[in-house]
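Visitor: For reference, the structure I am asking about is given below.
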Protein chains: 2
Amino acid sequence: MADKKKVEAITAMEDDFAQWYTDVVKKAELVDYTSVKGCMVIRPDGYAIWELIQQELDRRFKETGVKNVYLPMFIPESLLQKEKDHVEGFAPEVAWVTYGGLQPLQERLCVRPTSETLFCDYYKNIIQSYRDLPQVCNQWCSVVRWEKETRPFLRSREFLWQEGHTAHATAEEAEARTVQMLNLYADFLEQVCAIPVVKGQKTEKEKFAGAVATYTVEALMHDGKALQSGTSHNFGDGFAKAFGIQFTGKDNKLEYVHQTSWGMTTRLIGAIIMVHGDNSGLVLPPRVAPTQVMIVPIRQQQEGVLEKAAEMKDMLKGFRVKVDDTDKSPGWKFSEQEMRGIPLRIEVGPKDIENGKCMLVRRDNGEKMEVSFDELETKVRETLDAMQKDMLERARERRDSQTYIAKNMDEFRKIFNEKSGFVKAMWCGDQACEDKIKEELSVTSRCMPFEQEQISDVCVCCGKPAKKMVYWGRAY
Amino acid sequence: MADKKKVEAITAMEDDFAQWYTDVVKKAELVDYTSVKGCMVIRPDGYAIWELIQQELDRRFKETGVKNVYLPMFIPESLLQKEKDHVEGFAPEVAWVTYGGLQPLQERLCVRPTSETLFCDYYKNIIQSYRDLPQVCNQWCSVVRWEKETRPFLRSREFLWQEGHTAHATAEEAEARTVQMLNLYADFLEQVCAIPVVKGQKTEKEKFAGAVATYTVEALMHDGKALQSGTSHNFGDGFAKAFGIQFTGKDNKLEYVHQTSWGMTTRLIGAIIMVHGDNSGLVLPPRVAPTQVMIVPIRQQQEGVLEKAAEMKDMLKGFRVKVDDTDKSPGWKFSEQEMRGIPLRIEVGPKDIENGKCMLVRRDNGEKMEVSFDELETKVRETLDAMQKDMLERARERRDSQTYIAKNMDEFRKIFNEKSGFVKAMWCGDQACEDKIKEELSVTSRCMPFEQEQISDVCVCCGKPAKKMVYWGRAY
């Protein structure tokens, strides 16, 4: 019964992309719903993806000198209010604790939606001299934002993330760290998650509450919608002034620190699903696949088959390998492995063993390869490497084919009325045009890309002289 | 200035153990206080210890089939109330969220003090048949308990932990898992943290809210106080009945699952400090030391010294090694390395380089060894191994020397009026005696050890026939 449910047909993504997504996260057993409205259970197969993301990101962070810490999950209301823009941005969507045990609290506490204020409170205590700089800290934790509409991984009231918070002696150093982390995110997304991204800066309207500049990596999902996949903020000395974080410089003068923050969340798992998935379920890039190879024995009751499967597992020690030796039929097992997005399947039966060969099947393109046992390890490595590369390439081609150019509002409207994707268009820099476009087409500015192009001289909306090329899109 | 503070003398533990502890956690830069009352910042040097604990525990968990998941941090009040004993135990000490954004919530949510109720809610959804069992899940997260008096690591309103929650088809399997995890904790404490423990069962009075049986590992701190260092609970089918978690057995009958939970927390860091620390600061067992070896160059401005230090670091790739090449004096550096509890110091100067030798200094006993460069790696390995073993042995000897026997209340009183430690004494099994002892001497039953001894035939308190030998102590 339980097996049957798993391999039931899922909604085709062409018919209803949202339903396809919901089917996949449920049937691949990544999440479950709970009695806590707007929150989810991340199940073992979902959490294992997050663990791989964590390990790899954390390793890359530490290579750049990042140290992990843990700060409280609560923020006293008075602390949240110290930076004006920041509190305006977050106060409407935080959860408030008003009772501790049986007693009402004297001051209510919000559950952190992000921890800039707490890091400021901490840095104020520990930073005195230029010798205490830079501070380059990160924490892995969960945060809460009281969203009205929620979807697994993409938008939930509680989600997991990492938040890096740094303090520097100079504006230049803070800006360099902001860009360094954005580049780290972009590289991670492309090399590990096989997700190509556009790097750029958010407009004033879209930037983070309290930031001087917000940089973003934007990815395009299978349905042509954009997903903000990581952000890096430069705060200048705004928070430092609000919180009084000063240090004595080498010249013995008192100065304010310059700060940054940067984060990635479990929403990344949603991006992986929506960039790579297909109508058979999940497709995981090998580098974030908790199980990379599933060995499916055929006629496993025959002597020697399970033994051979176990032997092959041993030969593949360098990979994350499992043998499906349950009593389900091979057909069920294939469907399950496909639904769960396991990159490589190896089929091995009595005939194969006789011939000294087995069959490799790639999850992404269904390609089959007959492989002799003595070259198994090499072929598995080659195939996983090729798949990782091909998945990025395919995602890049699709993204490019869904990226359009609009020189005026007619072209702009035509594109978004007929299809979905990124539109590159010029912008005068005036928020009124951004507002107008958003109102008419439900399209937002995704970013002003670092790689600018001169599509035309005038703003796509008002026709006044253009300042920047902007990526526009409908967003998750 | 900042350096000076760090190596200031700390309070001697003989003079004021509590103040010694506070000095060490602050001056070794493990924690910092915050504007959030009762909560703390775990600083990089503190968090790095937790990361090592996590890695090693997580590896051991996974070897026994544990899978990690993540459940919401909020529990709706109605869900918390489903199991009667459980809600009574926890309701007085939880934090309540009553507002989401600007709206009052229809039902208030508590911030999880522990997640039995959430796991029950989850297991109810995903368990249908015996094929879905066992479920052996764990989560790493933070929990909140609204404590009145708090101390860094030992008792804070928010702390980090892991909580394992399992569901099984039979009572036997649940009991076996409960004991398996307790043994895993005991082995971890002894082999990794160098902390010897007493394994046993909690009395009815001291067991976990909602449990049938609670097992515990109890350790003794330097000051003779006990610290509960890990617990494992068998719930029987009590929660399953309260939440309706049933499965269809092989015989097609509907049955309730049997459940367990088990946890370890950041309080463990407090135990490591209080078992191993000395009047020069922290002493970390090599296996949980974020930095295992600190190379301190002497006369580092002389040509070749820093180069040699870097070369030695390369030779010690298999260890966690740093070179202190700051411009502080060697004396300061020694004090800092001692305060931070780094197990091994290597001193190397121009003379040493000439002689092809350097000096190893053990943090735990101050022992110095002259070592030639070509045997450096071997000697470092041997010394760290020896130190790990010696620290456990020393802790065991101290624990044993602070463990007493009492046959009657006079002896019992005399011991606790004069000293501190474990007292082994017989008990009739009646809670009245436990209550009386607690009231008179502020001593609680720590556990009924698995290894029972027949000290006398009668209860130490009431003189009636004794049922169990109990470890008693003053506890953190």
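Scheme for the structure tokens: letters A, B, ... for chains in order shown; per-chain residue numbers from 1; ligand numbers from 1 in order shown.
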Could you tell me which residues of chain B sit within 6 Å of chain A when counting only C-alpha atoms, and give me the result as an NGL selection string?

Guide: :B and (41-44 or 47 or 67-71 or 92-97 or 99-102 or 146)

Visitor: Just want the 8 Å neighbourhood of region 215-230 of chain B, counted on only C-alpha atoms, with same-chain residues fewer than 3 positions away dropped. Output as an NGL selection string.

Guide: :B and (17 or 178-179 or 182 or 185-186 or 195-202 or 233 or 262-265 or 267-268 or 271 or 274-276 or 399 or 402 or 419-422 or 446-447 or 473-476)

Visitor: Just give me the gap between CA of Phe61 (chain A) and CA of Cys193 (chain A) in Å, one decimal is fine.

Guide: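 The value is 16.5 Å.
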
Visitor: As a list in words, please: every residue in region 365-414 of chain A that DSSP puts in strand (DSSP E or B).

Guide: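 DSSP-assigned strand (DSSP E or B) residues in region 365-414 of chain A: Lys368, Met369, Glu370, Val371, Ser372, Thr403, Tyr404 and Ile405 of chain A.
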
Visitor: DSSP on the backbone: which residues in region 156-368 of chain A end up as alpha helix (DSSP H)? Give the answer as a ChimeraX atom specification.

Guide: /A:171-191,238-243,267-276,305-315,330-339,350-355

Visitor: Contacts of Val361 (chain A) at 10 Å or less, counting only C-alpha atoms, minus same-chain residues fewer than 5 places along, as a list in words?

Guide: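 Surrounding residues, per the criterion: Val293, Met294, Phe334, Pro343, Leu344, Arg345, Ile346, Glu347, Gly366, Glu367, Lys368, Met369, Glu370 and Thr383 of chain A.
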
Visitor: Using only C-alpha atoms, find the one residue out of A:Val423, A:Ile353, A:Ala12, A:Ile415 that sits nearest to Asp400 (chain A).

Guide: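 Among the listed residues, A:Val423 lies closest to Asp400 (chain A).
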
Visitor: Of the candidates B:Leu282, B:Val212, B:Ala242, B:Val323, which shows the shortest atom-to-atom distance to Thr22 (chain B), using only C-alpha atoms?

Guide: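 Looking at the shortest contact to Thr22 (chain B), the residue is B:Leu282.
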
Visitor: Kindly indicate which residue among A:Glu14, A:Asp374, A:Asp237, A:Glu338 lies nearest to Thr170 (chain A), using only C-alpha atoms for the distances.

Guide: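 Closest to Thr170 (chain A) of all the choices is A:Asp237.
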
Visitor: Could you pull the residues within 7 Å of Gln292 (chain B), counting only C-alpha atoms, minus those fewer than 5 positions along the same chain, as a CSV table (one decimal) with C-alpha atoms, in the first residue's frame?

Guide:
chain,number,residue,atom,x,y,z
B,286,PRO,CA,42.2,16.4,22.5
B,319,PHE,CA,45.8,17.4,13.6
B,320,ARG,CA,44.0,20.7,14.3
B,321,VAL,CA,47.1,23.0,14.5
B,342,ILE,CA,44.6,23.8,23.9
B,343,PRO,CA,46.0,20.4,24.7
B,344,LEU,CA,49.5,20.7,23.3
